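Engineer: Structure file run13.txt (compact mmCIF, C-alpha atoms) is given on the next line.
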```txt
# COMPACT_ATOMS: atom_id res chain seq x y z
CA MET A 25 52.29 33.50 72.25
CA THR A 26 53.01 29.92 71.25
CA ASN A 27 52.39 28.95 67.65
CA GLY A 28 49.15 27.08 67.10
CA THR A 29 47.81 27.39 70.65
CA ALA A 30 45.08 29.97 70.06
CA ALA A 31 41.59 28.56 70.05
CA PRO A 32 39.42 29.70 67.10
CA THR A 33 37.22 31.96 69.23
CA ASP A 34 40.26 33.46 70.94
CA LEU A 35 41.93 34.11 67.58
CA ASP A 36 38.75 35.74 66.26
CA THR A 37 38.70 38.06 69.26
CA ARG A 38 42.36 38.96 68.91
CA LEU A 39 42.03 39.66 65.18
CA GLU A 40 38.87 41.73 65.64
CA ALA A 41 40.65 43.91 68.22
CA HIS A 42 42.72 45.31 65.35
CA ARG A 43 39.88 45.84 62.84
CA THR A 44 39.34 49.58 63.38
CA GLU A 45 43.00 50.59 63.12
CA LEU A 46 43.52 48.30 60.12
CA THR A 47 40.49 49.82 58.42
CA GLY A 48 41.97 53.27 59.01
CA TYR A 49 45.26 52.15 57.50
CA CYS A 50 43.64 50.57 54.45
CA TYR A 51 41.37 53.59 54.00
CA ARG A 52 44.36 55.93 53.92
CA MET A 53 46.05 53.62 51.44
CA LEU A 54 43.06 53.13 49.12
CA GLY A 55 40.94 56.29 49.51
CA SER A 56 37.78 54.17 49.43
CA SER A 57 35.65 53.28 52.44
CA PHE A 58 34.25 50.13 50.84
CA GLU A 59 37.56 48.95 49.37
CA ALA A 60 39.17 49.51 52.77
CA GLU A 61 36.64 47.30 54.50
CA ASP A 62 37.08 44.66 51.78
CA ALA A 63 40.85 44.84 52.24
CA VAL A 64 40.56 44.34 55.99
CA GLN A 65 38.21 41.40 55.54
CA ASP A 66 40.71 39.86 53.10
CA THR A 67 43.47 40.51 55.66
CA MET A 68 41.50 38.74 58.40
CA ILE A 69 40.80 35.73 56.16
CA ARG A 70 44.47 35.46 55.15
CA ALA A 71 45.55 35.75 58.79
CA TRP A 72 43.11 33.06 59.86
CA ARG A 73 44.17 30.68 57.10
CA SER A 74 47.92 31.14 57.67
CA TYR A 75 47.95 31.50 61.44
CA ASP A 76 49.51 28.08 61.90
CA LYS A 77 52.53 29.40 59.94
CA PHE A 78 52.82 32.53 62.08
CA GLU A 79 55.93 31.90 64.14
CA GLY A 80 55.58 34.81 66.53
CA ARG A 81 58.77 36.47 65.32
CA SER A 82 56.84 39.74 65.30
CA SER A 83 53.76 40.89 67.17
CA LEU A 84 50.35 39.86 65.89
CA ARG A 85 49.71 43.55 65.13
CA SER A 86 52.85 43.88 62.97
CA TRP A 87 51.99 40.66 61.15
CA LEU A 88 48.48 41.92 60.38
CA TYR A 89 49.87 45.21 59.05
CA ARG A 90 52.22 43.27 56.78
CA ILE A 91 49.31 41.29 55.38
CA ALA A 92 47.13 44.42 55.03
CA THR A 93 49.93 46.27 53.26
CA ASN A 94 50.32 43.47 50.73
CA VAL A 95 46.56 43.37 50.16
CA CYS A 96 46.47 47.13 49.55
CA LEU A 97 49.51 47.09 47.25
CA ASP A 98 47.86 44.33 45.21
CA MET A 99 44.66 46.38 44.97
CA LEU A 100 46.62 49.46 43.88
CA THR A 101 48.48 47.77 41.02
CA ALA A 102 45.80 49.01 38.61
CA GLY A 103 47.22 52.47 39.24
CA ASN A 104 43.90 54.19 39.86
CA LYS A 105 44.11 57.22 42.14
CA ARG A 106 41.05 58.32 44.05
CA ALA A 107 40.45 62.02 43.54
CA ARG A 108 38.35 65.02 44.45
CA PRO A 109 36.67 67.11 41.73
CA MET A 110 39.32 69.84 42.02
CA ASP A 111 42.01 67.25 41.18
CA LEU A 112 40.36 66.57 37.81
CA THR A 113 38.91 69.78 36.39
CA GLU A 114 39.05 73.53 36.71
CA SER A 115 36.49 75.34 38.82
CA THR A 116 33.34 75.99 36.78
CA PRO A 117 31.53 79.35 36.79
CA LEU A 118 27.90 78.98 37.81
CA ALA A 119 26.72 80.11 34.37
CA GLN A 120 28.46 77.07 32.83
CA ALA A 121 27.56 74.58 35.56
CA ALA A 122 26.70 71.10 34.30
CA LEU A 123 26.19 68.01 36.44
CA THR A 124 28.36 65.38 34.77
CA PRO A 125 28.84 62.18 36.81
CA ARG A 126 31.95 60.02 36.77
CA PRO A 127 32.24 56.36 37.84
CA ASP A 128 32.31 55.53 41.56
CA ASN A 129 35.92 54.38 41.45
CA THR A 130 37.00 57.91 40.47
CA TRP A 131 36.25 59.48 43.82
CA LEU A 132 37.84 59.80 47.21
CA GLU A 133 35.11 58.49 49.50
CA PRO A 134 33.89 59.66 52.92
CA MET A 135 34.28 57.48 56.01
CA PRO A 136 32.64 57.54 59.46
CA ASP A 137 35.17 58.35 62.17
CA ALA A 138 34.06 55.39 64.27
CA ARG A 139 35.14 52.91 61.59
CA VAL A 140 38.72 54.19 61.27
CA LEU A 141 39.71 56.02 64.48
CA PRO A 142 40.52 53.66 67.37
CA THR A 143 39.72 54.81 70.88
CA THR A 144 42.76 56.31 72.63
CA ASP A 145 43.43 58.13 75.88
CA ASP A 146 46.26 60.13 74.28
CA PRO A 147 44.90 63.49 72.97
CA ALA A 148 47.94 64.05 70.74
CA GLU A 149 47.57 60.60 69.18
CA ALA A 150 43.85 61.19 68.64
CA ALA A 151 44.54 64.55 66.97
CA VAL A 152 47.08 63.05 64.55
CA ALA A 153 44.66 60.23 63.68
CA LYS A 154 41.84 62.69 62.92
CA GLU A 155 44.05 64.98 60.84
CA SER A 156 45.29 61.99 58.84
CA VAL A 157 41.80 61.08 57.56
CA ARG A 158 40.72 64.62 56.65
CA LEU A 159 39.79 64.99 53.01
CA ALA A 160 42.69 67.28 52.10
CA PHE A 161 45.32 64.94 53.56
CA MET A 162 43.62 61.91 52.05
CA ALA A 163 43.61 63.59 48.63
CA ALA A 164 47.33 64.39 48.98
CA LEU A 165 48.10 60.78 49.93
CA GLN A 166 46.48 59.56 46.73
CA GLN A 167 49.11 61.43 44.71
CA LEU A 168 51.94 59.32 46.15
CA PRO A 169 53.20 56.05 44.66
CA ALA A 170 51.78 53.14 46.64
CA LYS A 171 54.93 52.20 48.59
CA GLN A 172 55.70 55.84 49.43
CA ARG A 173 52.14 56.12 50.66
CA ALA A 174 52.62 53.10 52.92
CA VAL A 175 55.90 54.45 54.29
CA LEU A 176 54.45 57.89 55.02
CA ILE A 177 51.40 56.46 56.80
CA LEU A 178 53.40 53.99 58.86
CA ARG A 179 56.11 56.49 59.83
CA GLU A 180 54.21 59.79 60.16
CA VAL A 181 50.72 58.70 61.18
CA LEU A 182 51.29 55.45 63.06
CA ALA A 183 54.76 56.41 64.38
CA TRP A 184 56.49 53.18 63.41
CA LYS A 185 60.29 53.13 63.52
CA ALA A 186 62.13 53.09 60.20
CA SER A 187 63.51 49.63 61.07
CA GLU A 188 59.98 48.31 61.68
CA VAL A 189 58.76 49.66 58.34
CA ALA A 190 61.81 48.22 56.57
CA GLU A 191 61.06 44.79 58.03
CA LEU A 192 57.39 45.04 57.05
CA LEU A 193 58.22 46.02 53.45
CA ASP A 194 61.24 43.66 53.15
CA THR A 195 63.56 46.54 52.34
CA SER A 196 66.36 48.55 53.94
CA VAL A 197 66.16 51.38 56.45
CA ALA A 198 67.92 53.62 53.91
CA SER A 199 65.23 52.83 51.36
CA VAL A 200 62.48 53.63 53.86
CA ASN A 201 64.09 56.94 54.78
CA SER A 202 64.51 57.84 51.11
CA ALA A 203 60.86 57.00 50.36
CA LEU A 204 59.73 59.09 53.33
CA GLN A 205 61.81 62.05 52.18
CA ARG A 206 60.34 61.87 48.67
CA ALA A 207 56.81 61.53 50.01
CA ARG A 208 57.25 64.55 52.30
CA ALA A 209 58.61 66.59 49.39
CA THR A 210 55.63 65.70 47.18
CA LEU A 211 53.14 66.66 49.89
CA ALA A 212 54.98 69.92 50.58
CA GLU A 213 54.70 70.89 46.90
CA ARG A 214 50.95 70.32 46.82
CA LYS A 215 48.47 72.83 48.21
CA GLU A 216 45.28 70.86 48.72
CA PRO A 217 42.08 72.87 49.23
CA GLY A 218 41.11 72.38 52.85
CA ALA A 219 44.65 71.74 54.06
CA ASP A 220 44.45 74.84 56.24
CA ALA A 221 41.36 73.60 58.10
CA THR A 222 41.76 74.39 61.78
CA LEU A 223 39.62 72.52 64.28
CA SER A 224 39.81 71.95 68.00
CA ASP A 225 39.18 68.48 69.38
CA PRO A 226 36.57 68.62 70.71
CA LEU A 227 35.22 71.68 68.89
CA ASP A 228 35.62 74.89 70.83
CA GLU A 229 32.67 77.14 71.63
CA ASP A 230 33.11 79.39 68.60
CA GLN A 231 33.36 76.44 66.20
CA GLN A 232 30.24 74.86 67.68
CA LYS A 233 28.38 78.14 67.36
CA LEU A 234 29.47 78.35 63.71
CA LEU A 235 28.01 74.90 63.07
CA ASP A 236 24.79 75.81 64.87
CA ARG A 237 24.48 78.91 62.69
CA TYR A 238 25.19 76.81 59.60
CA VAL A 239 22.41 74.36 60.46
CA ALA A 240 19.96 77.22 61.02
CA ALA A 241 20.98 78.91 57.75
CA PHE A 242 20.85 75.71 55.67
CA GLU A 243 17.61 74.36 57.10
CA GLY A 244 16.08 77.81 56.68
CA TYR A 245 17.68 78.07 53.23
CA ASP A 246 18.72 81.58 54.19
CA MET A 247 21.39 82.58 51.66
CA THR A 248 22.14 85.86 53.45
CA ALA A 249 22.90 84.01 56.67
CA LEU A 250 24.88 81.35 54.79
CA THR A 251 26.94 83.98 53.00
CA ALA A 252 28.05 85.34 56.36
CA LEU A 253 29.43 81.90 57.29
CA LEU A 254 31.32 81.08 54.07
CA HIS A 255 34.88 82.14 53.36
CA GLU A 256 35.06 84.26 50.20
CA ASP A 257 37.11 81.51 48.53
CA ALA A 258 35.01 78.61 49.85
CA VAL A 259 34.83 75.50 47.68
CA MET A 260 31.79 73.29 47.06
CA THR A 261 32.00 69.78 45.58
CA MET A 262 29.32 67.19 44.78
CA PRO A 263 30.70 63.74 43.87
CA PRO A 264 29.82 61.78 41.77
CA PHE A 265 29.55 64.98 39.68
CA ASP A 266 32.86 66.50 38.60
CA LEU A 267 31.48 70.03 38.93
CA TRP A 268 33.02 72.14 41.66
CA LEU A 269 32.33 75.73 42.54
CA THR A 270 34.41 78.35 44.26
CA GLY A 271 33.32 81.60 45.88
CA VAL A 272 30.26 82.59 47.88
CA GLY A 273 28.32 83.97 44.90
CA ASP A 274 28.54 80.81 42.81
CA ILE A 275 27.83 78.51 45.76
CA THR A 276 24.72 80.34 46.95
CA GLY A 277 23.69 80.92 43.33
CA PHE A 278 23.84 77.19 42.69
CA MET A 279 21.82 76.46 45.81
CA THR A 280 19.00 78.75 44.67
CA THR A 281 18.93 77.41 41.08
CA LEU A 282 19.99 73.81 40.39
CA GLY A 283 20.06 73.13 44.12
CA ALA A 284 16.69 74.72 44.89
CA PRO A 285 14.96 71.37 45.69
CA CYS A 286 17.15 71.24 48.83
CA ALA A 287 15.12 74.03 50.43
CA GLY A 288 13.42 72.80 53.59
CA SER A 289 16.03 70.09 54.26
CA ARG A 290 16.91 68.64 57.65
CA LEU A 291 20.48 68.07 58.82
CA VAL A 292 21.60 65.27 61.16
CA PRO A 293 25.12 65.54 62.67
CA VAL A 294 27.69 62.90 61.72
CA GLN A 295 31.38 62.48 62.50
CA VAL A 296 33.14 62.02 59.19
CA ASN A 297 36.80 62.12 58.11
CA GLY A 298 37.85 63.82 61.35
CA LEU A 299 35.65 66.77 60.41
CA PRO A 300 32.16 68.01 61.30
CA GLY A 301 29.51 66.77 58.92
CA PHE A 302 25.82 66.29 58.40
CA ALA A 303 23.49 63.83 56.78
CA GLN A 304 21.17 65.94 54.63
CA TYR A 305 17.58 64.84 54.15
CA LYS A 306 15.51 66.83 51.66
CA PRO A 307 11.70 66.95 51.53
CA ASP A 308 10.11 63.89 49.93
CA PRO A 309 7.13 65.11 47.84
CA GLU A 310 5.89 61.56 47.18
CA LYS A 311 6.02 59.87 50.59
CA GLY A 312 6.07 62.93 52.80
CA GLY A 313 8.77 63.42 55.40
CA PHE A 314 12.37 63.54 54.23
CA THR A 315 14.53 61.44 51.93
CA PRO A 316 18.35 61.09 52.02
CA TRP A 317 20.22 63.45 49.72
CA ALA A 318 23.85 63.88 50.78
CA VAL A 319 26.52 63.39 53.39
CA GLN A 320 28.01 66.86 53.87
CA VAL A 321 31.58 67.31 55.09
CA LEU A 322 32.64 70.79 56.25
CA GLU A 323 36.12 72.29 56.41
CA ILE A 324 36.54 75.28 58.73
CA SER A 325 39.36 77.80 59.02
CA ASP A 326 39.56 81.07 60.96
CA GLY A 327 35.91 81.03 61.92
CA ARG A 328 34.54 80.51 58.40
CA ILE A 329 33.52 77.51 56.31
CA THR A 330 36.14 76.98 53.60
CA GLY A 331 34.98 73.64 52.22
CA PHE A 332 31.47 72.33 51.65
CA HIS A 333 31.62 68.80 50.26
CA CYS A 334 28.43 66.88 49.43
CA PHE A 335 28.63 63.15 48.73
CA LEU A 336 25.42 62.34 46.90
CA ASP A 337 25.35 58.55 46.48
CA THR A 338 23.00 58.12 49.42
CA GLN A 339 22.19 54.44 48.83
CA ARG A 340 25.85 53.75 49.66
CA TRP A 341 26.65 56.39 52.24
CA PHE A 342 23.63 56.40 54.54
CA PRO A 343 23.85 52.66 55.40
CA LEU A 344 27.61 53.10 55.94
CA PHE A 345 26.83 55.76 58.56
CA ASP A 346 23.99 53.66 60.03
CA LEU A 347 21.48 56.33 59.04
CA PRO A 348 17.81 55.69 58.20
CA LEU A 349 16.68 55.98 54.59
CA HIS A 350 13.62 58.04 55.56
CA LEU A 351 12.73 60.67 58.18
CA GLU A 352 9.17 61.24 59.22
CA ALA A 353 7.85 64.78 58.81
CA GLU A 354 7.69 65.41 62.54
CA THR A 355 11.22 64.10 63.09
CA ASP A 356 13.80 66.82 62.87
CA GLN A 357 16.64 64.75 64.20
CA VAL A 358 17.73 61.16 64.63
CA GLU A 359 20.64 59.82 66.54
CA LYS A 360 23.83 60.50 64.69
CA GLY A 361 25.36 57.63 62.80
CA ALA A 362 28.22 55.57 64.01
```
Show the structure stored in the file as structure tokens.

Structural biologist:
Amino acid sequence: MTNGTAAPTDLDTRLEAHRTELTGYCYRMLGSSFEAEDAVQDTMIRAWRSYDKFEGRSSLRSWLYRIATNVCLDMLTAGNKRARPMDLTESTPLAQAALTPRPDNTWLEPMPDARVLPTTDDPAEAAVAKESVRLAFMAALQQLPAKQRAVLILREVLAWKASEVAELLDTSVASVNSALQRARATLAERKEPGADATLSDPLDEDQQKLLDRYVAAFEGYDMTALTALLHEDAVMTMPPFDLWLTGVGDITGFMTTLGAPCAGSRLVPVQVNGLPGFAQYKPDPEKGGFTPWAVQVLEISDGRITGFHCFLDTQRWFPLFDLPLHLEAETDQVEKGA
């Protein structure tokens, strides 16, 4: 590539070719779907404006990652760490359950797979990419200092060489290796709920049957059937509320008390955070049909559901997943979101 020779439309095309992987990188760095997309847009604008100074000493891809890293590090200087409810409070017994919301910028946010997982013909590469956006791994990443986070993602997820990371961060190989060692040690010390999730890619027959049984149990609001699918130590979260529940009794008890309006819901499959998920629509008593209620993300291990995470800010999440904001009464399913 010769400096300054790319026509504007050609440069646009070449930059856009990297959008999905850059969004995945920024999402892992920031823990926010919307901040990640903002960061990538900022990266693209900076690349466009400074392209005439790009001397081709590295690949366009490496240059974009350098810009994206700087954007993310700038955004992280406030020190805020995205979290899950279990990072902030103790599990609450059902008898003491209270729905207390916290601000949006508190929470680790869900993300459609299609926005962060580039297409690849390498099954091993695809598996690593999916595992690296799962909620448990994302929550662990948020506990790392920003530069350690960048090093771990670049080395462990994207398989960059230590020398490449050192060049990107303007530091030494020894410093990169030290940061990686510290990051690995921090992650090894933490036991994130959901870290043991075991999924085939694509789902194997037993896992698909488990999901089919889950849909039937949830749509039928059959707590006996749901109990049979939940691990005894299953966890349920509901951001933006900081309440989280653990154990089958408290989860099903919540669903039949505070969660009772969800009876009669419809579930639409979505691919989210490298995990199976559903867009939940609950009955709309005013308009008829069904209204958006939650994006559910499920963690599965050893044939049972171990994590049941409901993201309730539907005015943000359903458009992100390209999902309609209303289902007609006769419509049980729509095409799954992107």

Engineer: Give me the residues near A:Thr93 as number ranges by chain, where near means some atom within 12 Å (using all atoms listed in the file) and where sequence neighbours in that chain fewer than 6 positions away do not count.

Structural biologist: A: 46-47, 49-54, 60, 63-64, 66-67, 86-87, 99-100, 170-175, 177-178, 189, 192-194

Engineer: What does the distance from atom CA of A:Gln295 to atom CA of A:Ala138 come to in Å, to one decimal?

Structural biologist: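 A separation of 7.8 Å between them.
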
Engineer: Could you give me, as a tab-separated table, a per-residue list for stretch 200-310 of chain A showing, wherever an atom lies at most 7 Å from an atom of stretch 158-166 of chain A, the closest pair of atoms and their distance in Å to one decimal, using all atoms listed in the file and sorting by chain then residue number from low to high?

Structural biologist:
```
residue	atom	partner	partner_atom	distance
A:Leu211	CA	A:Ala164	CA	6.3
A:Glu216	CA	A:Ala160	CA	5.6
A:Pro217	CA	A:Ala160	CA	6.3
A:Gly218	CA	A:Ala160	CA	5.4
A:Ala219	CA	A:Ala160	CA	5.3
A:Asn297	CA	A:Arg158	CA	4.9
A:Gly298	CA	A:Arg158	CA	5.6
A:Leu299	CA	A:Arg158	CA	6.7
```

Engineer: Write a file of the just-selected residues containing C-alpha atoms, as an mmCIF file, in the frame of the given file.

Structural biologist:
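Okay, result-v1.cif is ready:
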```cif
data_model
loop_
_atom_site.group_PDB
_atom_site.id
_atom_site.type_symbol
_atom_site.label_atom_id
_atom_site.label_comp_id
_atom_site.auth_asym_id
_atom_site.auth_seq_id
_atom_site.Cartn_x
_atom_site.Cartn_y
_atom_site.Cartn_z
ATOM 1 C CA LEU A 211 53.140 66.660 49.890
ATOM 2 C CA GLU A 216 45.280 70.860 48.720
ATOM 3 C CA PRO A 217 42.080 72.870 49.230
ATOM 4 C CA GLY A 218 41.110 72.380 52.850
ATOM 5 C CA ALA A 219 44.650 71.740 54.060
ATOM 6 C CA ASN A 297 36.800 62.120 58.110
ATOM 7 C CA GLY A 298 37.850 63.820 61.350
ATOM 8 C CA LEU A 299 35.650 66.770 60.410
#
```

Engineer: Just the residues within 6 Å of stretch 317-319 of chain A, please, counting all atoms listed in the file, with nothing from its chain fewer than 4 positions along; format it as an NGL selection string.

Structural biologist: :A and (302-305 or 334-336 or 338)

Engineer: Just checking: using all atoms listed in the file, which residue out of A:Thr280, A:Thr195, A:Thr261, A:Gln339 ends up closest to A:Gln320?

Structural biologist: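 Looking only at the distances to A:Gln320, the closest residue turns out to be A:Thr261.
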
Engineer: Of the candidates A:Asp220, A:Asp236, A:Asp326, A:Asp266, which one gets nearest to A:Leu132 if we count only C-alpha atoms?

Structural biologist: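 Checking each candidate against A:Leu132, we get A:Asp266 as the closest.
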
Engineer: Hey, which of A:Met279, A:Tyr75, A:Arg43, A:Gln167 ends up closest to A:Ala209? Count all atoms listed in the file.

Structural biologist: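 So, comparing all the options, the nearest one is A:Gln167.
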
Engineer: Could you please give me, as number ranges by chain, the residues of protein, DNA or RNA lying at most 8 Å from (35.7, 53.6, 57.1) in the coordinate frame of the file, considering only C-alpha atoms?

Structural biologist: A: 47-48, 51, 56-58, 60-61, 134-140

Engineer: Which distance in Å separates atom CA of A:Pro127 and atom CA of A:His333, to one decimal?

Structural biologist: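 One can read the atom CA of A:Pro127 to atom CA of A:His333 distance as 17.6 Å.
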
Engineer: Select, from A:Leu254, A:Val259, A:Leu182, A:Ala190, the residue with the minimum atom-to-atom distance to A:Gly327, counting only C-alpha atoms.

Structural biologist: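 Distance minimum relative to A:Gly327 lands on A:Leu254.
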